[in-house]
$ cat target-v1.tsv   # TSV, C-alpha atoms and all ligand atoms
chain	number	residue	atom	x	y	z
F	16	MET	CA	-129.88	97.87	-20.59
F	17	PHE	CA	-129.88	99.31	-24.10
F	18	SER	CA	-128.21	102.62	-23.18
F	19	ASP	CA	-125.69	100.63	-21.11
F	20	ASN	CA	-124.87	98.60	-24.21
F	21	GLN	CA	-124.57	101.79	-26.27
F	22	ASP	CA	-122.14	103.24	-23.73
F	23	ARG	CA	-120.07	100.04	-23.78
F	24	LEU	CA	-120.01	100.14	-27.55
F	25	GLN	CA	-118.90	103.79	-27.64
F	26	LYS	CA	-116.05	103.18	-25.19
F	27	THR	CA	-114.93	99.96	-26.90
F	28	ILE	CA	-114.86	101.77	-30.25
F	29	ARG	CA	-112.96	104.77	-28.88
F	30	THR	CA	-110.31	102.64	-27.14
F	31	THR	CA	-109.85	100.28	-30.07
F	32	SER	CA	-109.76	103.09	-32.66
F	33	ALA	CA	-106.92	104.78	-30.76
F	34	GLY	CA	-105.07	101.45	-30.77
F	35	LEU	CA	-105.72	100.96	-34.47
F	36	LEU	CA	-104.42	104.45	-35.32
F	37	LEU	CA	-101.20	103.83	-33.38
F	38	ASN	CA	-100.78	100.37	-34.93
F	39	VAL	CA	-101.15	101.75	-38.47
F	40	ILE	CA	-98.45	104.37	-37.75
F	41	LEU	CA	-96.18	101.87	-35.99
F	42	SER	CA	-96.50	99.09	-38.58
F	43	GLY	CA	-95.66	101.52	-41.41
F	44	GLY	CA	-92.82	103.11	-39.42
F	45	LYS	CA	-91.31	99.81	-38.28
F	46	ILE	CA	-91.44	98.02	-41.63
F	47	ALA	CA	-90.05	101.08	-43.49
F	48	GLY	CA	-87.52	101.81	-40.72
F	49	GLY	CA	-86.50	98.14	-40.57
F	50	ILE	CA	-85.86	98.05	-44.32
F	51	ILE	CA	-84.02	101.42	-44.42
F	52	GLY	CA	-82.19	100.63	-41.18
F	53	TYR	CA	-81.32	96.99	-42.08
F	54	SER	CA	-83.03	95.43	-39.07
F	55	HIS	CA	-84.85	92.14	-39.49
F	56	ALA	CA	-86.01	92.33	-35.85
F	57	LEU	CA	-87.71	95.69	-36.47
F	58	VAL	CA	-89.40	94.41	-39.65
F	59	ALA	CA	-90.64	91.39	-37.64
F	60	ASP	CA	-92.02	93.76	-35.03
F	61	GLY	CA	-93.65	95.74	-37.86
F	62	VAL	CA	-95.36	92.62	-39.24
F	63	HIS	CA	-96.63	92.03	-35.70
F	64	SER	CA	-98.08	95.58	-35.66
F	65	LEU	CA	-99.69	94.91	-39.03
F	66	ALA	CA	-101.41	91.79	-37.61
F	67	ASP	CA	-102.49	93.99	-34.68
F	68	CYS	CA	-104.23	96.32	-37.16
F	69	PHE	CA	-106.31	93.40	-38.43
F	70	THR	CA	-107.33	92.32	-34.93
F	71	ASP	CA	-108.30	95.92	-34.04
F	72	VAL	CA	-110.54	95.98	-37.11
F	73	ALA	CA	-112.06	92.63	-36.03
F	74	ILE	CA	-112.94	94.10	-32.62
F	75	LEU	CA	-114.32	97.32	-34.16
F	76	VAL	CA	-116.62	95.35	-36.46
F	77	GLY	CA	-117.48	92.67	-33.87
F	78	ALA	CA	-118.37	95.18	-31.13
F	79	HIS	CA	-121.33	96.38	-33.20
F	80	PHE	CA	-122.77	92.87	-33.04
F	81	TRP	CA	-121.92	91.63	-29.53
F	82	THR	CA	-123.29	94.74	-27.77
F	83	LYS	CA	-126.74	94.32	-29.35
F	84	PRO	CA	-129.54	93.38	-26.92
F	85	SER	CA	-131.17	89.95	-27.27
F	86	ASP	CA	-133.60	89.52	-30.15
F	87	GLU	CA	-135.72	86.81	-31.74
F	88	ASN	CA	-132.79	85.09	-33.42
F	89	HIS	CA	-130.44	85.45	-30.42
F	90	PRO	CA	-132.65	85.06	-27.34
F	91	HIS	CA	-129.57	84.61	-25.10
F	92	GLY	CA	-128.05	87.89	-26.36
F	93	HIS	CA	-125.01	88.29	-28.59
F	94	ALA	CA	-122.19	87.91	-26.04
F	95	ARG	CA	-120.82	84.75	-27.67
F	96	ILE	CA	-119.81	86.89	-30.66
F	97	GLU	CA	-117.28	88.58	-28.39
F	98	THR	CA	-115.86	85.16	-27.50
F	99	MET	CA	-115.65	84.25	-31.18
F	100	VAL	CA	-113.82	87.49	-32.05
F	101	SER	CA	-111.36	86.85	-29.20
F	102	GLY	CA	-110.77	83.40	-30.69
F	103	PHE	CA	-110.10	84.92	-34.09
F	104	VAL	CA	-107.63	87.38	-32.56
F	105	GLY	CA	-105.86	84.48	-30.81
F	106	LEU	CA	-105.57	82.51	-34.04
F	107	VAL	CA	-104.20	85.49	-36.00
F	108	MET	CA	-101.56	85.96	-33.28
F	109	ILE	CA	-100.48	82.31	-33.39
F	110	LEU	CA	-100.16	82.37	-37.20
F	111	THR	CA	-98.22	85.67	-37.10
F	112	GLY	CA	-95.90	84.25	-34.43
F	113	LEU	CA	-95.18	81.16	-36.55
F	114	LEU	CA	-94.50	83.31	-39.64
F	115	ILE	CA	-92.06	85.57	-37.77
F	116	ALA	CA	-90.32	82.59	-36.15
F	117	TRP	CA	-89.79	81.09	-39.60
F	118	LYS	CA	-88.41	84.37	-41.05
F	119	SER	CA	-86.18	84.96	-38.02
F	120	PHE	CA	-84.68	81.51	-38.31
F	121	GLY	CA	-83.69	82.37	-41.91
F	122	SER	CA	-82.14	85.63	-40.72
F	123	ILE	CA	-80.07	83.91	-38.02
F	124	MET	CA	-78.78	81.41	-40.60
F	125	LYS	CA	-77.97	84.18	-43.07
F	126	PRO	CA	-77.43	87.55	-41.27
F	127	ALA	CA	-77.66	90.86	-43.16
F	128	ALA	CA	-74.49	92.38	-44.65
F	129	ASN	CA	-74.97	95.76	-42.93
F	130	PRO	CA	-75.41	96.52	-39.23
F	131	PRO	CA	-78.79	98.10	-38.29
F	132	GLY	CA	-78.95	101.92	-38.38
F	133	TRP	CA	-79.79	104.35	-35.59
F	134	ILE	CA	-83.19	104.94	-37.20
F	135	ALA	CA	-84.16	101.35	-36.32
F	136	PHE	CA	-83.20	101.98	-32.70
F	137	ALA	CA	-85.12	105.28	-32.56
F	138	ILE	CA	-88.29	103.71	-33.98
F	139	ALA	CA	-88.11	100.84	-31.48
F	140	ILE	CA	-87.88	103.34	-28.59
F	141	ILE	CA	-90.80	105.44	-29.89
F	142	SER	CA	-92.84	102.25	-30.25
F	143	ILE	CA	-92.11	101.13	-26.66
F	144	ALA	CA	-93.09	104.51	-25.15
F	145	SER	CA	-96.28	105.04	-27.16
F	146	LYS	CA	-97.54	101.48	-26.68
F	147	GLU	CA	-97.02	101.59	-22.91
F	148	ILE	CA	-99.18	104.72	-22.65
F	149	LEU	CA	-101.89	103.08	-24.77
F	150	ALA	CA	-101.77	99.79	-22.82
F	151	ARG	CA	-102.39	101.56	-19.50
F	152	TRP	CA	-105.35	103.44	-20.91
F	153	THR	CA	-106.91	100.33	-22.53
F	154	LEU	CA	-106.45	98.25	-19.37
F	155	GLY	CA	-108.23	100.91	-17.28
F	156	MET	CA	-111.08	101.00	-19.78
F	157	SER	CA	-111.41	97.18	-19.92
F	158	LYS	CA	-111.77	97.08	-16.11
F	159	LYS	CA	-114.43	99.77	-16.21
F	160	LEU	CA	-116.41	97.93	-18.91
F	161	LYS	CA	-115.60	94.38	-17.70
F	162	SER	CA	-114.91	93.50	-21.33
F	163	PRO	CA	-112.76	90.39	-21.89
F	164	ALA	CA	-112.05	91.32	-25.52
F	165	LEU	CA	-110.83	94.77	-24.48
F	166	ALA	CA	-108.80	93.24	-21.64
F	167	ALA	CA	-107.24	90.79	-24.12
F	168	ASN	CA	-106.37	93.78	-26.28
F	169	ALA	CA	-104.82	95.64	-23.34
F	170	TRP	CA	-102.62	92.68	-22.35
F	171	HIS	CA	-101.70	92.38	-25.97
F	172	GLN	CA	-100.58	96.04	-26.04
F	173	ARG	CA	-98.52	95.41	-22.91
F	174	SER	CA	-96.84	92.45	-24.61
F	175	ASP	CA	-96.20	94.67	-27.66
F	176	VAL	CA	-94.15	96.85	-25.32
F	177	LEU	CA	-92.25	93.83	-23.99
F	178	SER	CA	-91.64	92.44	-27.46
F	179	SER	CA	-90.22	95.75	-28.75
F	180	ILE	CA	-87.68	95.95	-25.90
F	181	PRO	CA	-85.45	93.10	-27.23
F	182	VAL	CA	-85.63	94.76	-30.66
F	183	ALA	CA	-84.20	97.99	-29.24
F	184	VAL	CA	-81.53	96.01	-27.32
F	185	VAL	CA	-80.32	93.87	-30.23
F	186	VAL	CA	-80.29	96.81	-32.66
F	187	LEU	CA	-78.26	98.85	-30.18
F	188	ALA	CA	-75.85	95.94	-29.57
F	189	ALA	CA	-75.33	95.27	-33.30
F	190	ARG	CA	-74.91	99.01	-33.87
F	191	ILE	CA	-72.16	99.29	-31.26
F	192	GLU	CA	-70.42	96.01	-32.16
F	193	PRO	CA	-70.95	94.89	-35.81
F	194	ALA	CA	-69.80	91.34	-34.92
F	195	LEU	CA	-73.07	91.00	-32.98
F	196	ILE	CA	-75.13	91.44	-36.16
F	197	PHE	CA	-76.54	87.88	-35.83
F	198	LEU	CA	-78.38	89.12	-32.71
F	199	ASP	CA	-80.83	90.93	-34.99
F	200	GLY	CA	-82.30	87.59	-36.14
F	201	ILE	CA	-82.46	86.42	-32.53
F	202	GLY	CA	-84.35	89.62	-31.69
F	203	GLY	CA	-86.94	88.62	-34.31
F	204	ALA	CA	-87.16	85.12	-32.82
F	205	ILE	CA	-87.82	86.60	-29.36
F	206	VAL	CA	-90.58	88.75	-30.87
F	207	SER	CA	-92.17	85.59	-32.33
F	208	LEU	CA	-92.17	83.87	-28.91
F	209	PHE	CA	-94.04	86.82	-27.39
F	210	ILE	CA	-96.66	86.68	-30.11
F	211	LEU	CA	-97.10	82.88	-29.82
F	212	LYS	CA	-97.55	83.05	-26.05
F	213	LEU	CA	-100.06	85.85	-26.43
F	214	GLY	CA	-102.06	83.91	-29.03
F	215	ILE	CA	-102.22	80.83	-26.80
F	216	ASP	CA	-103.22	82.92	-23.75
F	217	ILE	CA	-106.07	84.52	-25.70
F	218	LEU	CA	-107.26	81.27	-27.27
F	219	ARG	CA	-107.31	79.11	-24.12
F	220	PRO	CA	-110.22	80.82	-22.28
F	221	VAL	CA	-112.10	81.09	-25.58
F	222	LEU	CA	-112.04	77.31	-26.07
F	223	TRP	CA	-112.91	76.87	-22.40
F	224	GLN	CA	-116.01	79.07	-22.76
F	225	LEU	CA	-117.14	77.75	-26.13
F	226	SER	CA	-117.04	74.18	-24.78
F	227	ASP	CA	-119.62	75.20	-22.13
F	228	SER	CA	-117.27	74.70	-19.18
F	229	ALA	CA	-118.81	75.37	-15.77
F	230	ALA	CA	-117.89	78.38	-13.63
F	231	PRO	CA	-115.19	77.67	-10.97
F	232	PRO	CA	-116.39	75.74	-7.84
F	233	GLU	CA	-116.14	78.89	-5.63
F	234	ILE	CA	-118.69	80.63	-7.82
F	235	ARG	CA	-121.00	77.58	-7.96
F	236	ASP	CA	-120.89	77.30	-4.16
F	237	GLU	CA	-121.64	81.00	-3.85
F	238	LEU	CA	-124.68	80.75	-6.16
F	239	LYS	CA	-126.02	77.79	-4.19
F	240	ARG	CA	-125.48	79.67	-0.93
F	241	ILE	CA	-127.37	82.72	-2.27
F	242	ALA	CA	-130.35	80.57	-3.37
F	243	LEU	CA	-130.46	78.72	-0.04
F	244	SER	CA	-130.39	82.01	1.88
F	245	VAL	CA	-133.82	82.95	0.48
F	246	ASN	CA	-136.64	82.33	2.96
F	247	GLY	CA	-138.66	79.20	2.06
F	248	VAL	CA	-135.96	77.48	-0.01
F	249	LEU	CA	-135.43	74.02	1.56
F	250	ASP	CA	-132.87	72.66	-0.90
F	251	VAL	CA	-131.01	73.50	-4.10
F	252	HIS	CA	-129.81	70.94	-6.63
F	253	ASN	CA	-128.98	70.42	-10.33
F	254	LEU	CA	-127.11	73.73	-10.38
F	255	ARG	CA	-125.65	74.38	-13.81
F	256	THR	CA	-123.39	77.25	-14.94
F	257	ARG	CA	-121.69	78.28	-18.14
F	258	PHE	CA	-120.11	81.42	-19.56
F	259	HIS	CA	-121.73	83.75	-22.02
F	260	GLY	CA	-119.21	86.43	-22.97
F	261	ASP	CA	-118.09	87.88	-19.63
F	262	GLY	CA	-121.36	86.88	-17.93
F	263	ILE	CA	-122.46	83.64	-16.24
F	264	GLN	CA	-125.67	81.81	-17.13
F	265	THR	CA	-127.08	79.63	-14.37
F	266	ASP	CA	-130.08	77.38	-13.80
F	267	MET	CA	-131.06	75.24	-10.80
F	268	HIS	CA	-133.92	73.43	-9.03
F	269	ILE	CA	-135.19	74.83	-5.73
F	270	VAL	CA	-137.22	72.69	-3.31
F	271	VAL	CA	-140.08	74.27	-1.33
F	272	ASP	CA	-142.85	73.09	1.01
F	273	PRO	CA	-145.40	71.24	-1.21
F	274	ASP	CA	-148.37	72.63	0.70
F	275	LEU	CA	-147.52	76.27	-0.12
F	276	PRO	CA	-150.06	78.08	-2.29
F	277	MET	CA	-148.85	78.43	-5.87
F	278	LYS	CA	-148.67	82.20	-5.52
F	279	LYS	CA	-146.39	81.97	-2.46
F	280	ALA	CA	-144.14	79.32	-4.02
F	281	PHE	CA	-143.76	81.41	-7.16
F	282	SER	CA	-142.83	84.52	-5.17
F	283	ILE	CA	-140.04	82.45	-3.49
F	284	LEU	CA	-138.79	81.52	-6.98
F	285	LYS	CA	-138.81	85.17	-8.06
F	286	SER	CA	-136.89	86.13	-4.88
F	287	VAL	CA	-134.24	83.50	-5.68
F	288	GLU	CA	-133.86	84.81	-9.25
F	289	LYS	CA	-133.63	88.40	-8.01
F	290	ALA	CA	-131.04	87.51	-5.36
F	291	LEU	CA	-128.93	85.66	-7.94
F	292	TYR	CA	-129.02	88.61	-10.36
F	293	GLN	CA	-128.12	91.08	-7.62
F	294	LEU	CA	-125.56	89.10	-5.60
F	295	GLY	CA	-124.32	86.34	-7.92
F	296	PRO	CA	-120.77	87.15	-9.11
F	297	GLY	CA	-120.99	87.92	-12.85
F	298	VAL	CA	-124.49	86.45	-13.21
F	299	THR	CA	-126.31	87.75	-16.31
F	300	ASP	CA	-128.92	85.04	-16.91
F	301	VAL	CA	-130.92	82.96	-14.38
F	302	LEU	CA	-133.58	80.27	-14.73
F	303	VAL	CA	-134.98	78.53	-11.63
F	304	ARG	CA	-137.23	75.46	-11.49
F	305	LEU	CA	-139.62	74.95	-8.61
F	306	GLU	CA	-140.03	71.55	-6.90
F	307	PRO	CA	-142.20	70.33	-3.98
F	308	GLN	CA	-140.28	68.62	-1.18
F	309	GLU	CA	-140.07	64.93	-2.12
F	310	THR	CA	-140.78	63.38	1.31
F	311	LYS	CA	-144.44	64.30	0.98
F	312	TYR	CA	-145.02	63.76	-2.75
F	313	PRO	CA	-142.10	61.91	-4.41
F	314	VAL	CA	-141.32	63.41	-7.85
F	315	SER	CA	-139.38	61.52	-10.46
F	316	GLU	CA	-136.33	63.30	-11.89
F	317	PRO	CA	-136.02	63.27	-15.65
F	401	ZN	ZN	-99.20	93.00	-30.92
F	402	ZN	ZN	-134.79	68.55	-9.13
$ encode --input "target-v1.tsv" --output "structure tokens"
Amino acid sequence: MFSDNQDRLQKTIRTTSAGLLLNVILSGGKIAGGIIGYSHALVADGVHSLADCFTDVAILVGAHFWTKPSDENHPHGHARIETMVSGFVGLVMILTGLLIAWKSFGSIMKPAANPPGWIAFAIAIISIASKEILARWTLGMSKKLKSPALAANAWHQRSDVLSSIPVAVVVLAARIEPALIFLDGIGGAIVSLFILKLGIDILRPVLWQLSDSAAPPEIRDELKRIALSVNGVLDVHNLRTRFHGDGIQTDMHIVVDPDLPMKKAFSILKSVEKALYQLGPGVTDVLVRLEPQETKYPVSEP
């Protein structure tokens, strides 16, 4: 378990560090290139990359905490820290999106005097190509590690690619036809929409998980089916599920024959827990309560 966590940590750090390095280069290049090349859209994209640097740092710092095994103070493990960091990333994205939308609106109202330069176009193209390569790599890694924070980062990188495409298009258009210079501000506004959507998409599952929402009905049915399939289990009820990072915590009551010896009944309980750990989709934590069948000795439910 510990070495598994260490491996996860190493891979998360490697993937995120590569992203951070590229974001530092891109944010500097875009903001400088946007100022030299008179493109508001490219500067907006650069501010986006700058916000990306902060979220990469948040993941790098957070990963050290959420991959730690459970301890006295966090008996359920530290997976919720990953959810919290994802929430922070989502919030930063929403705020950045609002800021860029506001700035772009100003630029549409009052376009720049000069058309954007070729340098702005070149930087946008370099950004698109390098981010696409990075996004594919991060997405592959997130699937291997089943890490929602890394997956969120990968989808983010993919949307960075999509949000730089309109920048390249509007800069090219304004370059070819100076009358289209107002398009540059619209390019910035499109960038802001991408960032807002991304922030909302990241934040939604975070709020869902932090509010202790149950796993989808298919998964609950599957867990019940697994418990019932164990020999000696007569009924399953009070099944509860909730998310803990990318894992599912579940607890339930199982009903057994009341005349079974304690030792036998307990071994049925252990079999149920083992089956849930091994076969339950995404199950990382199981607690099962044993109950005698009520027809013989009625038990009152709390
Ligand atoms: Zn981004
Ligand atoms: Zn019960």
$ closest_residue --input "target-v1.tsv" --among "F:Ala164, F:Ala94, F:Leu238, F:Val271" --to "Pro220 in chain F" --atoms "all atoms listed in the file"
F:Ala164
$ residues_around --input "target-v1.tsv" --residues "Ile241 in chain F" --least-positions-apart "6" --cutoff "12 Å" --atoms "all atoms listed in the file" --output "list of chain:residue names"
F:Ile234, F:Arg235, F:Val248, F:Asp250, F:Val251, F:Met267, F:Ile269, F:Ser286, F:Val287, F:Glu288, F:Lys289, F:Ala290, F:Leu291, F:Tyr292, F:Gln293, F:Leu294, F:Gly295, F:Pro296, F:Val298
$ closest_atom_pairs --input "target-v1.tsv" --of "chain F" --to "ligand ZN 401 (chain F)" --cutoff "8 Å" --atoms "all atoms listed in the file" --output "CSV"
residue,atom,partner,partner_atom,distance
F:His63,CA,F:ZN401,ZN,5.5
F:Ser64,CA,F:ZN401,ZN,5.5
F:Ala66,CA,F:ZN401,ZN,7.1
F:Asp67,CA,F:ZN401,ZN,5.1
F:Met108,CA,F:ZN401,ZN,7.8
F:His171,CA,F:ZN401,ZN,5.6
F:Gln172,CA,F:ZN401,ZN,5.9
F:Ser174,CA,F:ZN401,ZN,6.8
F:Asp175,CA,F:ZN401,ZN,4.7
F:Ile210,CA,F:ZN401,ZN,6.9
$ residues_near_ligand --input "target-v1.tsv" --ligand "ligand ZN 402 (chain F)" --cutoff "7 Å" --atoms "only C-alpha atoms and all ligand atoms" --output "mmCIF file with C-alpha atoms, in the frame of the given file"
data_model
loop_
_atom_site.group_PDB
_atom_site.id
_atom_site.type_symbol
_atom_site.label_atom_id
_atom_site.label_comp_id
_atom_site.auth_asym_id
_atom_site.auth_seq_id
_atom_site.Cartn_x
_atom_site.Cartn_y
_atom_site.Cartn_z
ATOM 1 C CA HIS F 252 -129.810 70.940 -6.630
ATOM 2 C CA ASN F 253 -128.980 70.420 -10.330
ATOM 3 C CA HIS F 268 -133.920 73.430 -9.030
ATOM 4 C CA GLU F 306 -140.030 71.550 -6.900
ATOM 5 C CA GLU F 316 -136.330 63.300 -11.890
#
$ residues_around --input "target-v1.tsv" --residues "Ile217 in chain F" --least-positions-apart "6" --cutoff "7 Å" --atoms "only C-alpha atoms" --output "MDAnalysis selection string"
chainID F and resid 101:102 105 167
$ residues_around --input "target-v1.tsv" --residues "Phe69 in chain F" --least-positions-apart "4" --cutoff "10 Å" --atoms "all atoms listed in the file" --output "PyMOL selection string"
chain F and resi 35+38-39+64-65+73-75+104+107
$ write_last_selection --input "target-v1.tsv" --atoms "C-alpha atoms" --output "compact mmCIF listing (two decimals), in the coordinates of the input"
# COMPACT_ATOMS: atom_id res chain seq x y z
CA LEU F 35 -105.72 100.96 -34.47
CA ASN F 38 -100.78 100.37 -34.93
CA VAL F 39 -101.15 101.75 -38.47
CA SER F 64 -98.08 95.58 -35.66
CA LEU F 65 -99.69 94.91 -39.03
CA ALA F 73 -112.06 92.63 -36.03
CA ILE F 74 -112.94 94.10 -32.62
CA LEU F 75 -114.32 97.32 -34.16
CA VAL F 104 -107.63 87.38 -32.56
CA VAL F 107 -104.20 85.49 -36.00
$ closest_residue --input "target-v1.tsv" --among "F:Leu110, F:Ile140, F:Pro163, F:Leu195" --to "Ala78 in chain F" --atoms "all atoms listed in the file"
F:Pro163
$ closest_residue --input "target-v1.tsv" --among "F:Gln224, F:Ser178, F:Thr111, F:Thr98" --to "Leu211 in chain F" --atoms "all atoms listed in the file"
F:Thr111
$ closest_residue --input "target-v1.tsv" --among "F:Leu208, F:Leu37, F:Ala230, F:Leu218" --to "Ala150 in chain F" --atoms "only C-alpha atoms"
F:Leu37
$ closest_residue --input "target-v1.tsv" --among "F:Gly202, F:Gly247, F:Gly132, F:Gly61" --to "Lys285 in chain F" --atoms "only C-alpha atoms"
F:Gly247
$ atom_distance --input "target-v1.tsv" --atom1 "CA of Ser119 in chain F" --atom2 "CA of Gly43 in chain F"
19.4 Å
$ atom_distance --input "target-v1.tsv" --atom1 "CA of Thr31 in chain F" --atom2 "CA of Leu222 in chain F"
23.4 Å
$ residues_around --input "target-v1.tsv" --residues "Val58 in chain F" --least-positions-apart "2" --cutoff "10 Å" --atoms "all atoms listed in the file" --output "list in words"
Ser42, Gly43, Gly44, Lys45, Ile46, Ala47, Gly48, Gly49, Ile50, Gly52, Tyr53, Ser54, His55, Ala56, Asp60, Gly61, Val62, His63, Ser64, Ile115, Ala135, Val182 and Gly203 of chain F
$ residues_around --input "target-v1.tsv" --residues "Trp117 in chain F" --least-positions-apart "4" --cutoff "10 Å" --atoms "all atoms listed in the file" --output "MDAnalysis selection string"
chainID F and resid 111:113 121:122 203:204 207
$ write_last_selection --input "target-v1.tsv" --atoms "C-alpha atoms" --output "mmCIF file, in the frame of the given file"
data_model
loop_
_atom_site.group_PDB
_atom_site.id
_atom_site.type_symbol
_atom_site.label_atom_id
_atom_site.label_comp_id
_atom_site.auth_asym_id
_atom_site.auth_seq_id
_atom_site.Cartn_x
_atom_site.Cartn_y
_atom_site.Cartn_z
ATOM 1 C CA THR F 111 -98.220 85.670 -37.100
ATOM 2 C CA GLY F 112 -95.900 84.250 -34.430
ATOM 3 C CA LEU F 113 -95.180 81.160 -36.550
ATOM 4 C CA GLY F 121 -83.690 82.370 -41.910
ATOM 5 C CA SER F 122 -82.140 85.630 -40.720
ATOM 6 C CA GLY F 203 -86.940 88.620 -34.310
ATOM 7 C CA ALA F 204 -87.160 85.120 -32.820
ATOM 8 C CA SER F 207 -92.170 85.590 -32.330
#
$ atom_distance --input "target-v1.tsv" --atom1 "CA of Leu213 in chain F" --atom2 "CA of Asp22 in chain F"
28.2 Å
$ closest_residue --input "target-v1.tsv" --among "F:Met99, F:Val245, F:Ala127, F:Ile205" --to "Leu225 in chain F" --atoms "all atoms listed in the file"
F:Met99
$ axis_aligned_box --input "target-v1.tsv" --around "range 292-302 of chain F" --padding-each-side "8 Å" --output "JSON"
{"center_x": -127.2, "center_y": 85.7, "center_z": -11.3, "size_x": 28.8, "size_y": 26.8, "size_z": 27.3}
$ decode --input "target-v1.tsv" --residues "range 72-89 of chain F" --atoms "N, CA and C atoms" --output "PDB file, in the first residue's frame"
ATOM      1  N   VAL F  72       1.230  24.145  -9.091  1.00  0.00           N
ATOM      2  CA  VAL F  72       1.920  24.203  -7.798  1.00  0.00           C
ATOM      3  C   VAL F  72       1.013  23.621  -6.706  1.00  0.00           C
ATOM      4  N   ALA F  73      -0.291  23.947  -6.768  1.00  0.00           N
ATOM      5  CA  ALA F  73      -1.235  23.418  -5.772  1.00  0.00           C
ATOM      6  C   ALA F  73      -1.260  21.895  -5.796  1.00  0.00           C
ATOM      7  N   ILE F  74      -1.226  21.303  -6.998  1.00  0.00           N
ATOM      8  CA  ILE F  74      -1.229  19.840  -7.118  1.00  0.00           C
ATOM      9  C   ILE F  74       0.087  19.260  -6.600  1.00  0.00           C
ATOM     10  N   LEU F  75       1.207  19.921  -6.960  1.00  0.00           N
ATOM     11  CA  LEU F  75       2.528  19.434  -6.510  1.00  0.00           C
ATOM     12  C   LEU F  75       2.624  19.407  -4.993  1.00  0.00           C
ATOM     13  N   VAL F  76       2.111  20.457  -4.352  1.00  0.00           N
ATOM     14  CA  VAL F  76       2.166  20.521  -2.887  1.00  0.00           C
ATOM     15  C   VAL F  76       1.147  19.544  -2.292  1.00  0.00           C
ATOM     16  N   GLY F  77      -0.086  19.564  -2.845  1.00  0.00           N
ATOM     17  CA  GLY F  77      -1.159  18.720  -2.320  1.00  0.00           C
ATOM     18  C   GLY F  77      -0.864  17.233  -2.425  1.00  0.00           C
ATOM     19  N   ALA F  78      -0.203  16.812  -3.506  1.00  0.00           N
ATOM     20  CA  ALA F  78       0.058  15.386  -3.740  1.00  0.00           C
ATOM     21  C   ALA F  78       0.862  14.768  -2.601  1.00  0.00           C
ATOM     22  N   HIS F  79       1.751  15.565  -1.993  1.00  0.00           N
ATOM     23  CA  HIS F  79       2.533  15.065  -0.867  1.00  0.00           C
ATOM     24  C   HIS F  79       1.634  14.660   0.297  1.00  0.00           C
ATOM     25  N   PHE F  80       0.503  15.361   0.437  1.00  0.00           N
ATOM     26  CA  PHE F  80      -0.394  15.090   1.557  1.00  0.00           C
ATOM     27  C   PHE F  80      -1.414  14.010   1.232  1.00  0.00           C
ATOM     28  N   TRP F  81      -2.029  14.062   0.026  1.00  0.00           N
ATOM     29  CA  TRP F  81      -3.135  13.127  -0.223  1.00  0.00           C
ATOM     30  C   TRP F  81      -2.658  11.706  -0.519  1.00  0.00           C
ATOM     31  N   THR F  82      -1.365  11.510  -0.807  1.00  0.00           N
ATOM     32  CA  THR F  82      -0.893  10.139  -1.045  1.00  0.00           C
ATOM     33  C   THR F  82      -0.405   9.472   0.248  1.00  0.00           C
ATOM     34  N   LYS F  83      -0.428  10.202   1.361  1.00  0.00           N
ATOM     35  CA  LYS F  83       0.026   9.601   2.623  1.00  0.00           C
ATOM     36  C   LYS F  83      -0.954   8.513   3.072  1.00  0.00           C
ATOM     37  N   PRO F  84      -0.436   7.425   3.673  1.00  0.00           N
ATOM     38  CA  PRO F  84      -1.346   6.397   4.197  1.00  0.00           C
ATOM     39  C   PRO F  84      -2.098   6.939   5.421  1.00  0.00           C
ATOM     40  N   SER F  85      -3.160   6.210   5.833  1.00  0.00           N
ATOM     41  CA  SER F  85      -3.946   6.704   6.962  1.00  0.00           C
ATOM     42  C   SER F  85      -3.081   6.731   8.227  1.00  0.00           C
ATOM     43  N   ASP F  86      -3.394   7.655   9.113  1.00  0.00           N
ATOM     44  CA  ASP F  86      -2.672   7.760  10.374  1.00  0.00           C
ATOM     45  C   ASP F  86      -3.673   8.080  11.490  1.00  0.00           C
ATOM     46  N   GLU F  87      -3.165   8.354  12.658  1.00  0.00           N
ATOM     47  CA  GLU F  87      -4.022   8.572  13.822  1.00  0.00           C
ATOM     48  C   GLU F  87      -5.001   9.733  13.609  1.00  0.00           C
ATOM     49  N   ASN F  88      -4.503  10.802  13.016  1.00  0.00           N
ATOM     50  CA  ASN F  88      -5.354  11.978  12.816  1.00  0.00           C
ATOM     51  C   ASN F  88      -6.276  11.860  11.603  1.00  0.00           C
ATOM     52  N   HIS F  89      -5.900  11.009  10.635  1.00  0.00           N
ATOM     53  CA  HIS F  89      -6.732  10.809   9.442  1.00  0.00           C
ATOM     54  C   HIS F  89      -6.968   9.320   9.231  1.00  0.00           C
TER      55      HIS F  89
END
